[in-house]
Every structure is written in C-alpha cells, then in structure tokens.
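Enquirer: There's a structure below that I have some questions on.
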Amino acid sequence: MADHLLEHVRPYLDRDQEERIAYIRAPRWIGHHVAQASHQRLTELLERPPSLRPQGLMLVGPYANGKTMIAERFAVQHLRNAPEQRVWMVQTREGAGLGHFYASILQALRAPGGDIWDLRRKAEQLDHLLSSLKPGVLIFDEFHNALRGRACDVEAIFAFLRRIGRQYDISPVLIGEVAVCDFINATSEVASRFDLGHVDGFYQDERRCNGNERGE
C-alpha cells in the first residue's frame, strides 16, 4: 500500500492525523526546470576560475514570480554544504544613489550602521569587508530599487559592480523586474558583463504542482 511513497515519507503513515495533514500542507521545494536551470547557472558562477572580468547574471521576470525564492533556496543550500560562506544575498533598499546601495550591502554583511550619506566611510567599510569575507557571488534582490535615481547615480552603481568584479573577483547577480534588463542593455559595455536568465511562469507552475491554482 505504501510502495508508491518515498522512503522518508512512509513513517508518516503511522503518525496521527494532525501530523500527517501538517506534513502534507507544509511548503516544500519542487524541482521545477526553471529553478533548476537558474541554480545551475548560479553554481557555475560560484565554481568558475578566477577572472579579472567575472561574468554576472540577471534573473528577471514579472513581480511575485518566484525569483527571490529561487535565489534564497540557492543561498540556503550553499550555507548548508559549503565549508565557508561565499554567497551573500543583499536586499536592495528603496532609494536612489550610492548611499542607499552601499547601506544595503553593509546590512547584508552585518556591518555596523551609520550615516548612509557618508560615502567615503561606507566605501571604506565595504572594501574592508569584501577583502576579508571574499564572497564569490553577491545576489542583489529587488535590484530595480537601485535604478530609480538620476542617470549619474545609476552609472555610479554600475561602476561599483564593475569594480568589485575587477578588484575582488565577485560575480554580481541582479534580481528584479524586466526593467533591470533594459537598464543593463542600455550600453554594450555593461550588457557584455551580464548573462540573462528569464524566470517566467515559474511561480504559477509551482502552485499548480502543489494543487493550488487560485492565484493566492
């Protein structure tokens, strides 16, 4: 009767009804092909040989479509399996300019806070932390938040991403709405540094796999 179940699931048949229902309803990872392909590309960034011009990656798609879920799962798996942390996930803050962008990274790296407009101090903190922590991949979630300022502010952020690649051999991963792709592709010099990964239809298909098509 239980032959069709995975081995680790079978013991739940002997538990009481509440425990069985809770296990069935619990959220769990399903290896959707879009998620698996994204994880493969992230793994390649992490395992690549050293480079003076490391390649980055964009994961773009519609709002609430599973992009962050994919990245968080990758980061958690890395923490579980790696001897030292080399993947860091940055929640990009609302607000334009380098001050907000630096503050987002410092918060992710658990640095002490300070005045976000003190750019020199923030830059010094970041250089110290990136030099000591040696991340291989920095994932910038909601990266479109950094693109809502003046053109010179956006260019300064792109210059920073180029610098951490050249100076610290870090591959940046930009997660956000399709507008991220438009900004990156505005100039060939920036576009050549980022590969594109589409996350279209992932979350909808994931809900169907869980038997939930109500769009909640």
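Labeling convention for the structure tokens: chains A, B, ... as they appear, residues from 1 per chain, ligands from 1 in order of appearance.
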Using only C-alpha atoms, tabulate the residues of region 47-86 of chain A lying at most 10 Å from any atom of region 138-155 of chain A, each with its closest atom pair and that distance in Å to one decimal, by chain and increasing residue number, as a Markdown table.
Expert:
```
| residue | atom | partner | partner_atom | distance |
| --- | --- | --- | --- | --- |
| A:Gly56 | CA | A:Leu138 | CA | 9.5 |
| A:Leu57 | CA | A:Ile139 | CA | 9.2 |
| A:Met58 | CA | A:Phe140 | CA | 9.6 |
| A:Leu59 | CA | A:Asp141 | CA | 9.4 |
| A:Val60 | CA | A:Glu142 | CA | 9.8 |
| A:Tyr63 | CA | A:Glu142 | CA | 9.8 |
| A:Lys67 | CA | A:Asp141 | CA | 8.6 |
| A:Thr68 | CA | A:Asp141 | CA | 6.7 |
| A:Ala71 | CA | A:Ile139 | CA | 7.6 |
| A:Glu72 | CA | A:Ile139 | CA | 9.3 |
| A:Ala75 | CA | A:Ile139 | CA | 9.0 |
| A:Arg86 | CA | A:Leu138 | CA | 8.4 |
```
Enquirer: Hey, what does DSSP flag as strand (DSSP E or B) within region 24-198 of chain A? Can you give it to me as a ChimeraX atom specification?
Expert: /A:56-60,87-91,137-141,171-176,194-198
Enquirer: Please produce a file of those selected residues containing N, CA, C and O atoms, as an mmCIF file, in the first residue's frame.
Expert:
```cif
data_model
loop_
_atom_site.group_PDB
_atom_site.id
_atom_site.type_symbol
_atom_site.label_atom_id
_atom_site.label_comp_id
_atom_site.auth_asym_id
_atom_site.auth_seq_id
_atom_site.Cartn_x
_atom_site.Cartn_y
_atom_site.Cartn_z
ATOM 1 N N GLY A 56 28.534 38.306 -14.697
ATOM 2 C CA GLY A 56 27.398 38.366 -13.783
ATOM 3 C C GLY A 56 26.176 37.725 -14.417
ATOM 4 O O GLY A 56 26.231 37.191 -15.530
ATOM 5 N N LEU A 57 25.068 37.796 -13.699
ATOM 6 C CA LEU A 57 23.831 37.166 -14.159
ATOM 7 C C LEU A 57 22.643 38.039 -13.774
ATOM 8 O O LEU A 57 22.610 38.599 -12.671
ATOM 9 N N MET A 58 21.671 38.151 -14.667
ATOM 10 C CA MET A 58 20.389 38.774 -14.358
ATOM 11 C C MET A 58 19.324 37.688 -14.283
ATOM 12 O O MET A 58 19.230 36.845 -15.179
ATOM 13 N N LEU A 59 18.534 37.690 -13.211
ATOM 14 C CA LEU A 59 17.339 36.847 -13.124
ATOM 15 C C LEU A 59 16.151 37.795 -13.098
ATOM 16 O O LEU A 59 15.881 38.451 -12.093
ATOM 17 N N VAL A 60 15.454 37.904 -14.219
ATOM 18 C CA VAL A 60 14.386 38.888 -14.335
ATOM 19 C C VAL A 60 13.070 38.195 -14.673
ATOM 20 O O VAL A 60 13.031 37.103 -15.237
ATOM 21 N N VAL A 87 28.440 33.002 -0.714
ATOM 22 C CA VAL A 87 27.261 33.588 -1.348
ATOM 23 C C VAL A 87 26.553 34.473 -0.338
ATOM 24 O O VAL A 87 26.225 34.023 0.762
ATOM 25 N N TRP A 88 26.310 35.715 -0.703
ATOM 26 C CA TRP A 88 25.619 36.660 0.173
ATOM 27 C C TRP A 88 24.459 37.262 -0.600
ATOM 28 O O TRP A 88 24.589 37.608 -1.771
ATOM 29 N N MET A 89 23.338 37.394 0.078
ATOM 30 C CA MET A 89 22.139 37.940 -0.557
ATOM 31 C C MET A 89 21.845 39.324 0.016
ATOM 32 O O MET A 89 21.719 39.500 1.227
ATOM 33 N N VAL A 90 21.745 40.298 -0.873
ATOM 34 C CA VAL A 90 21.535 41.699 -0.497
ATOM 35 C C VAL A 90 20.111 42.095 -0.855
ATOM 36 O O VAL A 90 19.686 41.930 -1.998
ATOM 37 N N GLN A 91 19.375 42.620 0.120
ATOM 38 C CA GLN A 91 18.047 43.175 -0.145
ATOM 39 C C GLN A 91 18.232 44.642 -0.513
ATOM 40 O O GLN A 91 18.458 45.486 0.346
ATOM 41 N N VAL A 137 29.896 35.312 -4.905
ATOM 42 C CA VAL A 137 28.671 35.777 -5.560
ATOM 43 C C VAL A 137 27.931 36.703 -4.600
ATOM 44 O O VAL A 137 27.720 36.361 -3.439
ATOM 45 N N LEU A 138 27.556 37.868 -5.096
ATOM 46 C CA LEU A 138 26.667 38.774 -4.366
ATOM 47 C C LEU A 138 25.351 38.845 -5.131
ATOM 48 O O LEU A 138 25.327 39.233 -6.305
ATOM 49 N N ILE A 139 24.257 38.455 -4.476
ATOM 50 C CA ILE A 139 22.941 38.458 -5.099
ATOM 51 C C ILE A 139 22.182 39.694 -4.642
ATOM 52 O O ILE A 139 21.950 39.871 -3.442
ATOM 53 N N PHE A 140 21.802 40.541 -5.578
ATOM 54 C CA PHE A 140 21.095 41.784 -5.266
ATOM 55 C C PHE A 140 19.614 41.590 -5.591
ATOM 56 O O PHE A 140 19.202 41.687 -6.761
ATOM 57 N N ASP A 141 18.814 41.332 -4.564
ATOM 58 C CA ASP A 141 17.383 41.157 -4.755
ATOM 59 C C ASP A 141 16.706 42.522 -4.891
ATOM 60 O O ASP A 141 17.147 43.512 -4.294
ATOM 61 N N SER A 171 31.145 37.863 -8.666
ATOM 62 C CA SER A 171 30.113 37.846 -9.706
ATOM 63 C C SER A 171 28.820 38.416 -9.137
ATOM 64 O O SER A 171 28.246 37.837 -8.207
ATOM 65 N N PRO A 172 28.328 39.538 -9.649
ATOM 66 C CA PRO A 172 27.048 40.078 -9.173
ATOM 67 C C PRO A 172 25.869 39.401 -9.868
ATOM 68 O O PRO A 172 25.916 39.115 -11.067
ATOM 69 N N VAL A 173 24.831 39.133 -9.094
ATOM 70 C CA VAL A 173 23.590 38.574 -9.627
ATOM 71 C C VAL A 173 22.485 39.584 -9.344
ATOM 72 O O VAL A 173 22.252 39.953 -8.185
ATOM 73 N N LEU A 174 21.817 40.039 -10.377
ATOM 74 C CA LEU A 174 20.803 41.084 -10.265
ATOM 75 C C LEU A 174 19.421 40.475 -10.446
ATOM 76 O O LEU A 174 19.109 39.923 -11.502
ATOM 77 N N ILE A 175 18.594 40.569 -9.407
ATOM 78 C CA ILE A 175 17.246 40.010 -9.441
ATOM 79 C C ILE A 175 16.248 41.157 -9.458
ATOM 80 O O ILE A 175 16.336 42.077 -8.635
ATOM 81 N N GLY A 176 15.303 41.101 -10.375
ATOM 82 C CA GLY A 176 14.318 42.174 -10.398
ATOM 83 C C GLY A 176 13.364 42.078 -11.562
ATOM 84 O O GLY A 176 13.289 41.063 -12.265
ATOM 85 N N PHE A 194 26.883 40.719 -18.260
ATOM 86 C CA PHE A 194 25.779 40.011 -17.614
ATOM 87 C C PHE A 194 25.085 39.078 -18.597
ATOM 88 O O PHE A 194 24.705 39.491 -19.694
ATOM 89 N N ASP A 195 24.925 37.831 -18.174
ATOM 90 C CA ASP A 195 24.070 36.901 -18.896
ATOM 91 C C ASP A 195 22.637 37.074 -18.398
ATOM 92 O O ASP A 195 22.403 37.559 -17.290
ATOM 93 N N LEU A 196 21.691 36.652 -19.211
ATOM 94 C CA LEU A 196 20.281 36.845 -18.878
ATOM 95 C C LEU A 196 19.616 35.519 -18.563
ATOM 96 O O LEU A 196 19.766 34.538 -19.294
ATOM 97 N N GLY A 197 18.876 35.491 -17.454
ATOM 98 C CA GLY A 197 18.055 34.349 -17.110
ATOM 99 C C GLY A 197 16.618 34.794 -16.903
ATOM 100 O O GLY A 197 16.347 35.649 -16.049
ATOM 101 N N HIS A 198 15.695 34.259 -17.694
ATOM 102 C CA HIS A 198 14.278 34.602 -17.557
ATOM 103 C C HIS A 198 13.633 33.690 -16.514
ATOM 104 O O HIS A 198 13.873 32.482 -16.499
#
```
Enquirer: In Å, how far is it from CA of Val178 (chain A) to CA of Gly61 (chain A)?
Expert: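 Between CA of Val178 (chain A) and CA of Gly61 (chain A) the gap works out to 5.6 Å.
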Enquirer: Restricting the calculation to only C-alpha atoms, which member of A:Arg15, A:His39, A:Arg25, A:Arg10 is positioned closest to Val199 (chain A)?
Expert: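 Looking only at the distances to Val199 (chain A), the closest residue turns out to be A:His39.
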Enquirer: For the structure I just gave you, how does DSSP split region 8-38 of chain A - specifically, which residues are helix (DSSP H, G or I)? Reply as a PyMOL selection string.
Expert: chain A and resi 10-14+17-25+33-38
Enquirer: Residues at most 12 Å from region 122-135 of chain A, counting only C-alpha atoms, excluding those fewer than 3 positions away in the same chain, as a ChimeraX atom specification?
Expert: /A:45-47,84-89,98-119,138-139,160,163-165,167-172
